[in-house]
2 protein chains.
Amino acid sequence: MAIRLDHRASDFEAAFAAFLTTKREVSEDVDLAVRRIIADVRERGDAALAEYTLKWDKLDLSSTSMTVTAEEVDAAIEAVPSEVLGALKVAAVRIEAHHARQLPKDDIYTDAMGVGLGSRWTPIDAVGLYVPGGTASYPSSVLMNALPAKVAGVPRVVMVVPALAGAINPAVLAAARMAGVSEIHRIGGAQAIAALAYGTATIAPVAKIMGPGNAFVAAAKRQVFGTVGIDMIAGPSEVLVIADKDNDPDWIAADLLAQAEHDPGAQSILVTDDADLADAVERAVERQLTTLPRAETARSSWRDFGAIILVEDLASAPDLANRIAAEHVELALADADAMIPQIRNAGAIFIGRYTPEVIGDYVGGSNHVLPTARSARFSSGLGVLDYMKRTSILRLGPDELRDLGPAAIALARAEGLEAHARSVAIRLNLGDAG
Amino acid sequence: MAIRLDHRASDFEAAFAAFLTTKREVSEDVDLAVRRIIADVRERGDAALAEYTLKWDKLDLSSTSMTVTAEEVDAAIEAVPSEVLGALKVAAVRIEAHHARQLPKDDIYTDAMGVGLGSRWTPIDAVGLYVPGGTASYPSSVLMNALPAKVAGVPRVVMVVPALAGAINPAVLAAARMAGVSEIHRIGGAQAIAALAYGTATIAPVAKIMGPGNAFVAAAKRQVFGTVGIDMIAGPSEVLVIADKDNDPDWIAADLLAQAEHDPGAQSILVTDDADLADAVERAVERQLTTLPRAETARSSWRDFGAIILVEDLASAPDLANRIAAEHVELALADADAMIPQIRNAGAIFIGRYTPEVIGDYVGGSNHVLPTARSARFSSGLGVLDYMKRTSILRLGPDELRDLGPAAIALARAEGLEAHARSVAIRLNLGDAG
């Protein structure tokens, strides 16, 4: 049973503020253990990887090569049902096409004063992609993390995936092939992150590490940050559905449960102006839970973090949505378009009754790696720019330096940085550099 | 005396690898102290701010308002020498014009299948800007951090700056006015970061915090990350000068010293193919040091971290530069243009003999907040995108859902996420949702 908040209630503001700050994750303190693992991999390289892999993944790297061969990937692709392979292909084509539109353009120009300026984008040299093992080993996530790298032109994409007792989900290998992954190594955990960051004899280091993982992986990513770049640390998934009265309660309930089944910490929120719809959705959730394979997870999420917010008027919904800043926002409204410009803080917006969020998880074309835990207030979903960096370019000749130099000298001296001033002055014969 | 590396020497690779991993910062362990300060500000708000401000900044906030008034800014502007005010204006106009070109465009379109897709950019609602007190209180940094926010359309930019014994650098206040800062509060340290992240009675919370600071400020930014966004944690500054024989050694020496005077941890590197130039630059550095006000800092930086790398051919320089991934790269070459495409990892490139890096610090127009400590391998300088976020948009009608839905259902079932499958199937009358 989700909580109910009534926008007209006198205690709404306090209840809503408390709701916003509810923590949905227990952060395990694994920092010390992770620090030891990283130090060990830095020191002993492949030997340390082999030990940890034997211990945790029950895989002996002295008899199985760490690196997955092209032939193994070929064989995995044969093992994937053709319907799934076809669906992956549909997804890959759409994701690549959408992301291609995000490719930034260089901007090199000369301004009115004659100064050359520019922004030049280049792909990162090498990127690591962590893929979890077990049930959270999602081929869709491989596409979402690796295809933007391909579009960006990253020359080397290194995937690591733990092979629990030797097994890797064949669909994950198929997705890696489709997405142009260049190397695959069967290692996981903090040790895999350490190998990507610092390198071993088998794995050359990368410059940035992407992809989701458990508490050890997240802690390892935080610890190697600086040595390499990392993507965001993703939290449990969220959906906020804004629905008017003309919705089928079963459709809305299905969307709320699609989030809830991810994780006990996932959050599903319905905002509506119709108390009858709210009641009907709640009943539909309970009914659908009875036949859901992951009912235990979904029920726990809905009970602990689910919410129905009743508003007197849907005009109040955007302000609430902007404060919640959900990863996914569905607008199940007759005139959804009118509300789009008012939603500022959201990872992704799904428009109308026929765009369930799940389409965005797989085949819409946009990325499913999106900001969680209210971080849509200040960050964006994964995209091509995350696999590139911008270098600025400046070019002056003697004339431009004569025009601009005195202002630079004045500011340098105002800031007490005389060597800065001299570096300009000496070129203009304005000052003695000693 | 900087170290010398000779590219032709047999031990070059080992020496260069060691050079690359040299740490130039001692990270003070202030985490626990900072954790207490943040908890205290969250609990006691303005009262805690007042206590810390009295203790560390020697400023009594019971007799002086925490918030700087518009009249105080007016008075500060009167106190700034007109030459400095004019130079700030030159810088502000150029920085704003350059950054305006970085404004992203929304991309909303319908694909061949009829699916509506889009990327929509919006400014962050509120941004905090930390400005250090004392000698590191740089008006140029205020322009560089606040003007991209103005260009992005951030409606609320909140500056915090410690007023040591009540004093704030008037040029900092003048720069804040020029850059459209909306609020200024005279607080600093970890307590100011806590106030920006969590809010107090006087300061409403922001969504992202930018700007440099000491070890306490850096630790506080790391700790509040997640609750708010943060920019990069900047390290000591760096310059890499690639110079051919036809350079005035005094010019190159001046550029090396302009970096070195920033911080004992700053790093200045010269790569050249001319041993005579290398010797002459080294002598010029020593000569110029004798008359430099910040000679002690510059000497310490040059001695501990400065380097001259002699190459047999400047064609080797780009590979070294890409491995060093310096914040600033100067190309003091006859044909600098030819080398630009080969430099992939650099915060900013300065082209030709008349573009000293200092121009980029102040008046070039590009941002001087750039990636340090080799992070140009995976990150970019500060820009307008850092003050915005992208929301993706997806829109399907019944026909598009019928076309794309089956692939989504297939992938959801392959991933064991039945509620995901049902959220699509129920809209297509393909499946029972219970």
# chains A, B, ... in the order shown; residues from 1 in each chain; ligands from 1
call {"tool": "residues_around", "arguments": {"residues": "stretch 268-277 of chain B", "least_positions_apart": "3", "cutoff": "9 Å", "atoms": "only C-alpha atoms", "output": "compact mmCIF listing (two decimals) with N, CA and C atoms, in the first residue's frame"}}
result
# COMPACT_ATOMS: atom_id res chain seq x y z
N ALA B 2 64.54 22.35 -13.01
CA ALA B 2 63.56 21.35 -13.44
C ALA B 2 64.26 20.06 -13.84
N SER B 237 47.49 24.11 -11.39
CA SER B 237 47.53 24.45 -12.82
C SER B 237 48.74 23.86 -13.53
N GLU B 238 48.63 23.73 -14.85
CA GLU B 238 49.71 23.14 -15.66
C GLU B 238 49.83 23.84 -17.00
N VAL B 239 51.06 23.93 -17.51
CA VAL B 239 51.24 24.33 -18.90
C VAL B 239 52.28 23.41 -19.55
N LEU B 240 52.01 23.07 -20.79
CA LEU B 240 52.97 22.33 -21.61
C LEU B 240 53.26 23.21 -22.83
N VAL B 241 54.51 23.62 -22.98
CA VAL B 241 54.89 24.45 -24.12
C VAL B 241 55.67 23.60 -25.11
N ILE B 242 55.18 23.51 -26.33
CA ILE B 242 55.91 22.81 -27.38
C ILE B 242 56.55 23.89 -28.27
N ALA B 243 57.88 23.92 -28.28
CA ALA B 243 58.57 25.05 -28.91
C ALA B 243 59.65 24.59 -29.87
N ASP B 244 59.69 25.22 -31.03
CA ASP B 244 60.80 24.95 -31.96
C ASP B 244 61.95 25.90 -31.65
N LYS B 245 63.01 25.81 -32.46
CA LYS B 245 64.21 26.57 -32.11
C LYS B 245 64.05 28.07 -32.28
N ASP B 246 63.07 28.49 -33.09
CA ASP B 246 62.96 29.92 -33.39
C ASP B 246 62.12 30.67 -32.37
N ASN B 247 62.36 30.43 -31.10
CA ASN B 247 61.63 31.13 -30.05
C ASN B 247 62.59 31.97 -29.24
N ASP B 248 62.06 33.08 -28.71
CA ASP B 248 62.82 33.88 -27.76
C ASP B 248 62.75 33.15 -26.42
N PRO B 249 63.88 32.71 -25.90
CA PRO B 249 63.86 31.94 -24.65
C PRO B 249 63.21 32.71 -23.50
N ILE B 252 59.40 32.18 -23.62
CA ILE B 252 59.01 30.85 -23.14
C ILE B 252 59.18 30.76 -21.62
N ASP B 255 56.36 32.34 -19.82
CA ASP B 255 55.14 31.52 -19.82
C ASP B 255 55.23 30.39 -18.78
N LEU B 256 56.42 29.78 -18.69
CA LEU B 256 56.59 28.71 -17.70
C LEU B 256 56.42 29.26 -16.29
N LEU B 257 56.94 30.46 -16.06
CA LEU B 257 56.85 31.05 -14.72
C LEU B 257 55.44 31.54 -14.41
N ALA B 258 54.68 31.92 -15.43
CA ALA B 258 53.30 32.36 -15.18
C ALA B 258 52.48 31.21 -14.58
N GLN B 259 52.75 29.98 -15.01
CA GLN B 259 52.08 28.85 -14.35
C GLN B 259 52.67 28.61 -12.98
N ALA B 260 54.00 28.63 -12.92
CA ALA B 260 54.68 28.24 -11.68
C ALA B 260 54.34 29.16 -10.52
N ALA B 280 68.88 27.76 -22.90
CA ALA B 280 68.64 29.20 -22.80
C ALA B 280 67.38 29.49 -21.98
N VAL B 281 66.36 28.66 -22.17
CA VAL B 281 65.13 28.85 -21.39
C VAL B 281 65.43 28.64 -19.91
N GLU B 282 66.21 27.62 -19.63
CA GLU B 282 66.51 27.34 -18.23
C GLU B 282 67.25 28.52 -17.58
N SER B 301 57.76 25.43 -7.43
CA SER B 301 57.04 24.67 -8.46
C SER B 301 58.00 24.20 -9.55
N TRP B 302 58.86 25.12 -10.02
CA TRP B 302 59.79 24.78 -11.11
C TRP B 302 60.79 23.73 -10.68
N PHE B 305 58.50 20.29 -9.87
CA PHE B 305 57.62 19.68 -10.88
C PHE B 305 57.90 20.15 -12.30
N GLY B 306 58.75 21.16 -12.45
CA GLY B 306 59.08 21.62 -13.80
C GLY B 306 59.84 20.54 -14.57
N ALA B 307 59.72 20.59 -15.90
CA ALA B 307 60.40 19.58 -16.70
C ALA B 307 60.72 20.13 -18.08
N ILE B 308 61.87 19.71 -18.59
CA ILE B 308 62.22 20.00 -19.98
C ILE B 308 62.43 18.66 -20.67
N ILE B 309 61.66 18.44 -21.71
CA ILE B 309 61.76 17.17 -22.44
C ILE B 309 62.35 17.44 -23.81
N LEU B 310 63.50 16.86 -24.04
CA LEU B 310 64.18 17.05 -25.31
C LEU B 310 63.81 15.90 -26.24
N VAL B 311 63.29 16.27 -27.43
CA VAL B 311 62.91 15.24 -28.41
C VAL B 311 63.81 15.39 -29.63
N GLU B 312 64.03 14.27 -30.33
CA GLU B 312 64.88 14.35 -31.51
C GLU B 312 64.14 15.02 -32.65
N ASP B 313 62.81 15.00 -32.57
CA ASP B 313 61.99 15.51 -33.66
C ASP B 313 60.66 15.96 -33.05
N LEU B 314 60.17 17.12 -33.41
CA LEU B 314 58.92 17.61 -32.82
C LEU B 314 57.72 16.75 -33.21
N ALA B 317 56.27 15.08 -30.35
CA ALA B 317 55.66 15.89 -29.28
C ALA B 317 54.17 15.58 -29.05
N LEU B 320 53.54 12.62 -26.73
CA LEU B 320 53.86 12.95 -25.34
C LEU B 320 52.79 13.86 -24.75
N ALA B 321 52.36 14.84 -25.54
CA ALA B 321 51.34 15.79 -25.06
C ALA B 321 50.04 15.06 -24.74
call {"tool": "select_by_dssp", "arguments": {"residues": "stretch 186-294 of chain A", "states": "alpha helix (DSSP H)", "output": "PyMOL selection string"}}
result
chain A and resi 189-198+215-224+249-260+275-289
call {"tool": "write_last_selection", "arguments": {"atoms": "C-alpha atoms", "output": "tab-separated table (two decimals), in the first residue's frame"}}
result
chain	number	residue	atom	x	y	z
A	189	GLY	CA	33.65	-6.47	-8.97
A	190	ALA	CA	36.03	-3.85	-7.62
A	191	GLN	CA	38.95	-5.81	-9.10
A	192	ALA	CA	37.62	-5.25	-12.62
A	193	ILE	CA	37.27	-1.51	-11.99
A	194	ALA	CA	40.87	-1.42	-10.67
A	195	ALA	CA	42.10	-3.26	-13.77
A	196	LEU	CA	40.34	-0.80	-16.08
A	197	ALA	CA	41.69	2.22	-14.19
A	198	TYR	CA	45.30	1.12	-13.69
A	215	ALA	CA	28.04	-1.53	-3.92
A	216	PHE	CA	31.61	-2.76	-4.48
A	217	VAL	CA	31.63	-1.55	-8.06
A	218	ALA	CA	30.14	1.82	-7.12
A	219	ALA	CA	32.68	2.31	-4.32
A	220	ALA	CA	35.53	1.31	-6.64
A	221	LYS	CA	34.37	3.80	-9.27
A	222	ARG	CA	34.31	6.58	-6.68
A	223	GLN	CA	37.81	5.63	-5.52
A	224	VAL	CA	39.42	5.56	-8.96
A	249	PRO	CA	-6.33	2.24	-14.41
A	250	ASP	CA	-4.82	-1.07	-15.49
A	251	TRP	CA	-2.45	0.66	-17.90
A	252	ILE	CA	-1.26	3.09	-15.23
A	253	ALA	CA	-0.92	0.28	-12.69
A	254	ALA	CA	1.18	-1.72	-15.16
A	255	ASP	CA	3.53	1.26	-15.61
A	256	LEU	CA	3.91	1.75	-11.86
A	257	LEU	CA	4.72	-1.94	-11.43
A	258	ALA	CA	7.23	-1.94	-14.28
A	259	GLN	CA	9.36	0.42	-12.19
A	260	ALA	CA	8.62	-1.31	-8.92
A	275	ALA	CA	-9.74	10.34	-6.65
A	276	ASP	CA	-11.67	7.59	-8.41
A	277	LEU	CA	-8.76	6.92	-10.77
A	278	ALA	CA	-6.40	6.88	-7.76
A	279	ASP	CA	-8.52	4.25	-6.04
A	280	ALA	CA	-8.91	2.20	-9.21
A	281	VAL	CA	-5.15	2.26	-9.89
A	282	GLU	CA	-4.45	1.15	-6.36
A	283	ARG	CA	-6.83	-1.80	-6.75
A	284	ALA	CA	-5.31	-2.64	-10.15
A	285	VAL	CA	-1.81	-2.65	-8.67
A	286	GLU	CA	-2.88	-5.15	-6.04
A	287	ARG	CA	-4.64	-7.30	-8.63
A	288	GLN	CA	-1.67	-7.32	-11.05
A	289	LEU	CA	0.75	-8.11	-8.25
call {"tool": "closest_residue", "arguments": {"among": "B:Leu88, B:Ala149, B:Ile187, B:Ile324", "to": "chain A", "atoms": "only C-alpha atoms"}}
result
B:Leu88
call {"tool": "select_by_dssp", "arguments": {"residues": "stretch 167-367 of chain B", "states": "strand (DSSP E)", "output": "compact mmCIF listing (two decimals) with all heavy atoms, in the first residue's frame"}}
result
# COMPACT_ATOMS: atom_id res chain seq x y z
N GLU B 183 22.64 36.83 -5.83
CA GLU B 183 22.76 36.97 -4.37
C GLU B 183 24.21 36.80 -3.99
O GLU B 183 24.88 35.95 -4.56
CB GLU B 183 22.02 35.85 -3.61
CG GLU B 183 20.55 35.81 -3.72
CD GLU B 183 20.01 34.48 -3.14
OE1 GLU B 183 20.62 33.93 -2.19
OE2 GLU B 183 19.01 34.00 -3.68
N ILE B 184 24.67 37.55 -2.99
CA ILE B 184 26.03 37.36 -2.47
C ILE B 184 25.96 37.26 -0.95
O ILE B 184 25.34 38.10 -0.30
CB ILE B 184 26.95 38.55 -2.85
CG1 ILE B 184 26.94 38.76 -4.37
CG2 ILE B 184 28.36 38.31 -2.35
CD1 ILE B 184 27.65 40.03 -4.83
N HIS B 185 26.57 36.22 -0.40
CA HIS B 185 26.58 36.04 1.06
C HIS B 185 28.03 35.96 1.53
O HIS B 185 28.85 35.26 0.94
CB HIS B 185 25.83 34.76 1.44
CG HIS B 185 24.43 34.73 0.94
ND1 HIS B 185 23.41 35.44 1.51
CD2 HIS B 185 23.88 34.07 -0.12
CE1 HIS B 185 22.29 35.23 0.84
NE2 HIS B 185 22.54 34.40 -0.15
N LYS B 208 23.25 23.01 -7.79
CA LYS B 208 24.61 22.65 -8.20
C LYS B 208 25.57 23.70 -7.64
O LYS B 208 25.22 24.88 -7.58
CB LYS B 208 24.70 22.59 -9.73
CG LYS B 208 26.01 22.01 -10.26
CD LYS B 208 25.96 21.73 -11.76
CE LYS B 208 27.25 21.07 -12.24
NZ LYS B 208 27.21 20.75 -13.69
N ILE B 209 26.77 23.26 -7.26
CA ILE B 209 27.76 24.17 -6.67
C ILE B 209 29.04 24.15 -7.49
O ILE B 209 29.60 23.09 -7.78
CB ILE B 209 28.07 23.78 -5.20
CG1 ILE B 209 26.78 23.81 -4.37
CG2 ILE B 209 29.12 24.72 -4.60
CD1 ILE B 209 26.97 23.35 -2.92
N MET B 210 29.50 25.33 -7.88
CA MET B 210 30.68 25.48 -8.72
C MET B 210 31.73 26.30 -7.96
O MET B 210 31.43 26.97 -7.01
CB MET B 210 30.35 26.23 -10.01
CG MET B 210 28.97 25.99 -10.58
SD MET B 210 28.68 24.32 -11.18
CE MET B 210 29.42 24.42 -12.79
N GLY B 229 24.57 18.83 -7.49
CA GLY B 229 25.65 18.59 -8.42
C GLY B 229 26.86 19.41 -8.04
O GLY B 229 26.75 20.40 -7.30
N ILE B 230 28.03 19.01 -8.48
CA ILE B 230 29.23 19.85 -8.30
C ILE B 230 30.00 19.87 -9.62
O ILE B 230 29.81 19.02 -10.49
CB ILE B 230 30.16 19.33 -7.17
CG1 ILE B 230 30.67 17.91 -7.47
CG2 ILE B 230 29.46 19.36 -5.83
CD1 ILE B 230 31.78 17.45 -6.52
N GLU B 238 48.63 23.73 -14.85
CA GLU B 238 49.71 23.14 -15.66
C GLU B 238 49.83 23.84 -17.00
O GLU B 238 48.82 24.21 -17.59
CB GLU B 238 49.38 21.68 -16.03
CG GLU B 238 49.19 20.76 -14.90
CD GLU B 238 48.07 19.78 -15.18
OE1 GLU B 238 47.54 19.74 -16.30
OE2 GLU B 238 47.69 19.09 -14.25
N VAL B 239 51.06 23.93 -17.51
CA VAL B 239 51.24 24.33 -18.90
C VAL B 239 52.28 23.41 -19.55
O VAL B 239 53.24 22.99 -18.90
CB VAL B 239 51.67 25.80 -19.04
CG1 VAL B 239 53.11 26.03 -18.57
CG2 VAL B 239 51.50 26.28 -20.48
N LEU B 240 52.01 23.07 -20.79
CA LEU B 240 52.97 22.33 -21.61
C LEU B 240 53.26 23.21 -22.83
O LEU B 240 52.34 23.52 -23.59
CB LEU B 240 52.35 21.00 -22.05
CG LEU B 240 53.10 20.22 -23.14
CD1 LEU B 240 54.45 19.75 -22.63
CD2 LEU B 240 52.27 19.02 -23.59
N VAL B 241 54.51 23.62 -22.98
CA VAL B 241 54.89 24.45 -24.12
C VAL B 241 55.67 23.60 -25.11
O VAL B 241 56.68 23.00 -24.74
CB VAL B 241 55.75 25.66 -23.67
CG1 VAL B 241 56.11 26.54 -24.86
CG2 VAL B 241 55.02 26.46 -22.60
N ILE B 242 55.18 23.51 -26.33
CA ILE B 242 55.91 22.81 -27.38
C ILE B 242 56.55 23.89 -28.27
O ILE B 242 55.83 24.68 -28.89
CB ILE B 242 54.97 21.90 -28.21
CG1 ILE B 242 54.27 20.89 -27.27
CG2 ILE B 242 55.74 21.18 -29.31
CD1 ILE B 242 53.28 19.97 -27.97
N ALA B 243 57.88 23.92 -28.28
CA ALA B 243 58.57 25.05 -28.91
C ALA B 243 59.65 24.59 -29.87
O ALA B 243 60.44 23.69 -29.55
CB ALA B 243 59.20 25.94 -27.82
N GLN B 267 52.63 23.03 -12.45
CA GLN B 267 53.64 22.32 -13.26
C GLN B 267 53.83 23.01 -14.61
O GLN B 267 52.87 23.27 -15.33
CB GLN B 267 53.22 20.88 -13.49
CG GLN B 267 54.26 20.06 -14.26
CD GLN B 267 54.02 18.57 -14.15
OE1 GLN B 267 52.94 18.10 -14.47
NE2 GLN B 267 55.02 17.85 -13.70
N SER B 268 55.09 23.27 -14.95
CA SER B 268 55.44 23.87 -16.24
C SER B 268 56.38 22.92 -16.97
O SER B 268 57.39 22.50 -16.42
CB SER B 268 56.15 25.21 -16.02
OG SER B 268 55.34 26.06 -15.24
N ILE B 269 56.03 22.62 -18.21
CA ILE B 269 56.79 21.65 -18.99
C ILE B 269 57.13 22.24 -20.34
O ILE B 269 56.27 22.82 -21.00
CB ILE B 269 55.97 20.35 -19.21
CG1 ILE B 269 55.46 19.79 -17.87
CG2 ILE B 269 56.79 19.30 -19.95
CD1 ILE B 269 54.43 18.66 -18.03
N LEU B 270 58.38 22.10 -20.75
CA LEU B 270 58.80 22.51 -22.08
C LEU B 270 59.19 21.27 -22.88
O LEU B 270 59.96 20.44 -22.40
CB LEU B 270 60.00 23.45 -21.99
CG LEU B 270 60.72 23.76 -23.31
CD1 LEU B 270 59.80 24.52 -24.28
CD2 LEU B 270 62.00 24.57 -23.05
N VAL B 271 58.63 21.14 -24.07
CA VAL B 271 59.07 20.09 -25.00
C VAL B 271 59.69 20.81 -26.20
O VAL B 271 59.05 21.66 -26.82
CB VAL B 271 57.88 19.22 -25.47
CG1 VAL B 271 58.34 18.24 -26.57
CG2 VAL B 271 57.28 18.45 -24.30
N THR B 272 60.93 20.48 -26.50
CA THR B 272 61.59 21.12 -27.64
C THR B 272 62.56 20.14 -28.29
O THR B 272 62.98 19.16 -27.66
CB THR B 272 62.34 22.40 -27.22
OG1 THR B 272 62.91 23.00 -28.38
CG2 THR B 272 63.45 22.10 -26.22
N ALA B 307 59.72 20.59 -15.90
CA ALA B 307 60.40 19.58 -16.70
C ALA B 307 60.72 20.13 -18.08
O ALA B 307 59.97 20.93 -18.64
CB ALA B 307 59.53 18.33 -16.84
N ILE B 308 61.87 19.71 -18.59
CA ILE B 308 62.22 20.00 -19.98
C ILE B 308 62.43 18.66 -20.67
O ILE B 308 63.23 17.84 -20.21
CB ILE B 308 63.50 20.86 -20.07
CG1 ILE B 308 63.23 22.24 -19.43
CG2 ILE B 308 63.93 21.02 -21.52
CD1 ILE B 308 64.42 23.17 -19.43
N ILE B 309 61.66 18.44 -21.71
CA ILE B 309 61.76 17.17 -22.44
C ILE B 309 62.35 17.44 -23.81
O ILE B 309 61.77 18.20 -24.60
CB ILE B 309 60.38 16.49 -22.58
CG1 ILE B 309 59.75 16.28 -21.19
CG2 ILE B 309 60.50 15.15 -23.32
CD1 ILE B 309 58.36 15.66 -21.23
N LEU B 310 63.50 16.86 -24.04
CA LEU B 310 64.18 17.05 -25.31
C LEU B 310 63.81 15.90 -26.24
O LEU B 310 63.97 14.73 -25.89
CB LEU B 310 65.69 17.07 -25.05
CG LEU B 310 66.56 17.76 -26.10
CD1 LEU B 310 66.20 19.25 -26.20
CD2 LEU B 310 68.03 17.60 -25.73
N HIS B 328 46.83 23.27 -20.12
CA HIS B 328 47.13 24.25 -21.17
C HIS B 328 48.27 23.73 -22.05
O HIS B 328 49.29 23.29 -21.52
CB HIS B 328 47.61 25.57 -20.58
CG HIS B 328 46.71 26.15 -19.52
ND1 HIS B 328 47.04 26.15 -18.19
CD2 HIS B 328 45.50 26.73 -19.62
CE1 HIS B 328 46.06 26.74 -17.50
NE2 HIS B 328 45.12 27.10 -18.34
N VAL B 329 48.12 23.84 -23.36
CA VAL B 329 49.19 23.49 -24.29
C VAL B 329 49.47 24.68 -25.20
O VAL B 329 48.55 25.17 -25.88
CB VAL B 329 48.81 22.26 -25.16
CG1 VAL B 329 49.88 21.99 -26.20
CG2 VAL B 329 48.59 21.03 -24.28
N GLU B 330 50.70 25.16 -25.18
CA GLU B 330 51.10 26.23 -26.10
C GLU B 330 51.87 25.61 -27.26
O GLU B 330 52.80 24.83 -27.05
CB GLU B 330 52.01 27.25 -25.41
CG GLU B 330 51.31 28.16 -24.42
CD GLU B 330 52.23 29.27 -23.89
OE1 GLU B 330 53.35 29.45 -24.44
OE2 GLU B 330 51.86 29.93 -22.92
N LEU B 331 51.51 26.00 -28.47
CA LEU B 331 52.24 25.55 -29.65
C LEU B 331 53.04 26.74 -30.19
O LEU B 331 52.54 27.52 -31.01
CB LEU B 331 51.27 25.01 -30.71
CG LEU B 331 50.38 23.85 -30.28
CD1 LEU B 331 49.48 23.40 -31.44
CD2 LEU B 331 51.20 22.66 -29.76
N ALA B 332 54.27 26.88 -29.72
CA ALA B 332 55.13 27.98 -30.14
C ALA B 332 55.98 27.49 -31.30
O ALA B 332 57.17 27.23 -31.18
CB ALA B 332 55.99 28.46 -28.96
N ALA B 348 43.06 23.29 -23.17
CA ALA B 348 43.03 24.39 -24.14
C ALA B 348 44.35 24.43 -24.88
O ALA B 348 45.40 24.10 -24.32
CB ALA B 348 42.77 25.72 -23.45
N ILE B 349 44.29 24.83 -26.15
CA ILE B 349 45.49 24.95 -26.99
C ILE B 349 45.66 26.42 -27.37
O ILE B 349 44.70 27.09 -27.77
CB ILE B 349 45.36 24.07 -28.25
CG1 ILE B 349 45.13 22.60 -27.88
CG2 ILE B 349 46.60 24.21 -29.13
CD1 ILE B 349 44.90 21.68 -29.08
N PHE B 350 46.90 26.90 -27.26
CA PHE B 350 47.24 28.29 -27.55
C PHE B 350 48.19 28.28 -28.73
O PHE B 350 49.26 27.68 -28.67
CB PHE B 350 47.86 28.94 -26.32
CG PHE B 350 46.93 28.88 -25.13
CD1 PHE B 350 46.88 27.75 -24.32
CD2 PHE B 350 46.05 29.92 -24.88
CE1 PHE B 350 45.99 27.66 -23.28
CE2 PHE B 350 45.15 29.84 -23.83
CZ PHE B 350 45.11 28.71 -23.02
N ILE B 351 47.77 28.94 -29.80
CA ILE B 351 48.43 28.74 -31.09
C ILE B 351 49.39 29.87 -31.43
O ILE B 351 48.98 31.04 -31.49
CB ILE B 351 47.37 28.62 -32.20
CG1 ILE B 351 46.38 27.51 -31.84
CG2 ILE B 351 48.04 28.34 -33.54
CD1 ILE B 351 45.18 27.48 -32.76
call {"tool": "closest_residue", "arguments": {"among": "A:Val158, A:Ile38, A:Ile393, A:Leu143", "to": "A:Val172", "atoms": "only C-alpha atoms"}}
result
A:Leu143
call {"tool": "residues_around", "arguments": {"residues": "A:Ala234", "least_positions_apart": "5", "cutoff": "9 Å", "atoms": "only C-alpha atoms", "output": "count of residues only"}}
result
9
call {"tool": "residues_around", "arguments": {"residues": "B:Asn429", "least_positions_apart": "6", "cutoff": "12 Å", "atoms": "only C-alpha atoms", "output": "ChimeraX atom specification"}}
result
/A:250-251 /B:398,401-402,405-406,422-423
call {"tool": "closest_residue", "arguments": {"among": "A:Gly116, A:Pro162, A:Pro139, A:Pro205", "to": "B:Tyr354", "atoms": "only C-alpha atoms"}}
result
A:Gly116
call {"tool": "residues_around", "arguments": {"residues": "B:Arg186", "least_positions_apart": "2", "cutoff": "12 Å", "atoms": "only C-alpha atoms", "output": "PyMOL selection string"}}
result
chain B and resi 49-50+52-54+57-61+64-69+72+130-133+158-169+173+183-184+188-189+191-192+195+202-203
call {"tool": "residues_around", "arguments": {"residues": "stretch 96-99 of chain B", "least_positions_apart": "2", "cutoff": "8 Å", "atoms": "only C-alpha atoms", "output": "number ranges by chain"}}
result
B: 92-94, 101-103, 147-148, 151, 365-366, 383-384
call {"tool": "decode", "arguments": {"residues": "stretch 128-145 of chain B", "atoms": "C-alpha atoms", "output": "mmCIF file, in the first residue's frame"}}
result
data_model
loop_
_atom_site.group_PDB
_atom_site.id
_atom_site.type_symbol
_atom_site.label_atom_id
_atom_site.label_comp_id
_atom_site.auth_asym_id
_atom_site.auth_seq_id
_atom_site.Cartn_x
_atom_site.Cartn_y
_atom_site.Cartn_z
ATOM 1 C CA GLY B 128 25.935 28.264 -6.081
ATOM 2 C CA LEU B 129 29.336 29.794 -6.758
ATOM 3 C CA TYR B 130 32.132 29.491 -4.229
ATOM 4 C CA VAL B 131 34.729 32.281 -4.310
ATOM 5 C CA PRO B 132 37.760 31.937 -2.026
ATOM 6 C CA GLY B 133 38.782 34.806 0.232
ATOM 7 C CA GLY B 134 42.227 36.299 0.716
ATOM 8 C CA THR B 135 44.825 36.382 -2.043
ATOM 9 C CA ALA B 136 43.100 33.669 -4.116
ATOM 10 C CA SER B 137 39.975 35.835 -4.450
ATOM 11 C CA TYR B 138 40.147 36.315 -8.205
ATOM 12 C CA PRO B 139 37.631 38.520 -10.038
ATOM 13 C CA SER B 140 38.530 36.725 -13.279
ATOM 14 C CA SER B 141 37.291 33.448 -11.756
ATOM 15 C CA VAL B 142 33.988 35.080 -10.839
ATOM 16 C CA LEU B 143 33.500 36.017 -14.495
ATOM 17 C CA MET B 144 34.524 32.555 -15.704
ATOM 18 C CA ASN B 145 32.147 30.743 -13.330
#
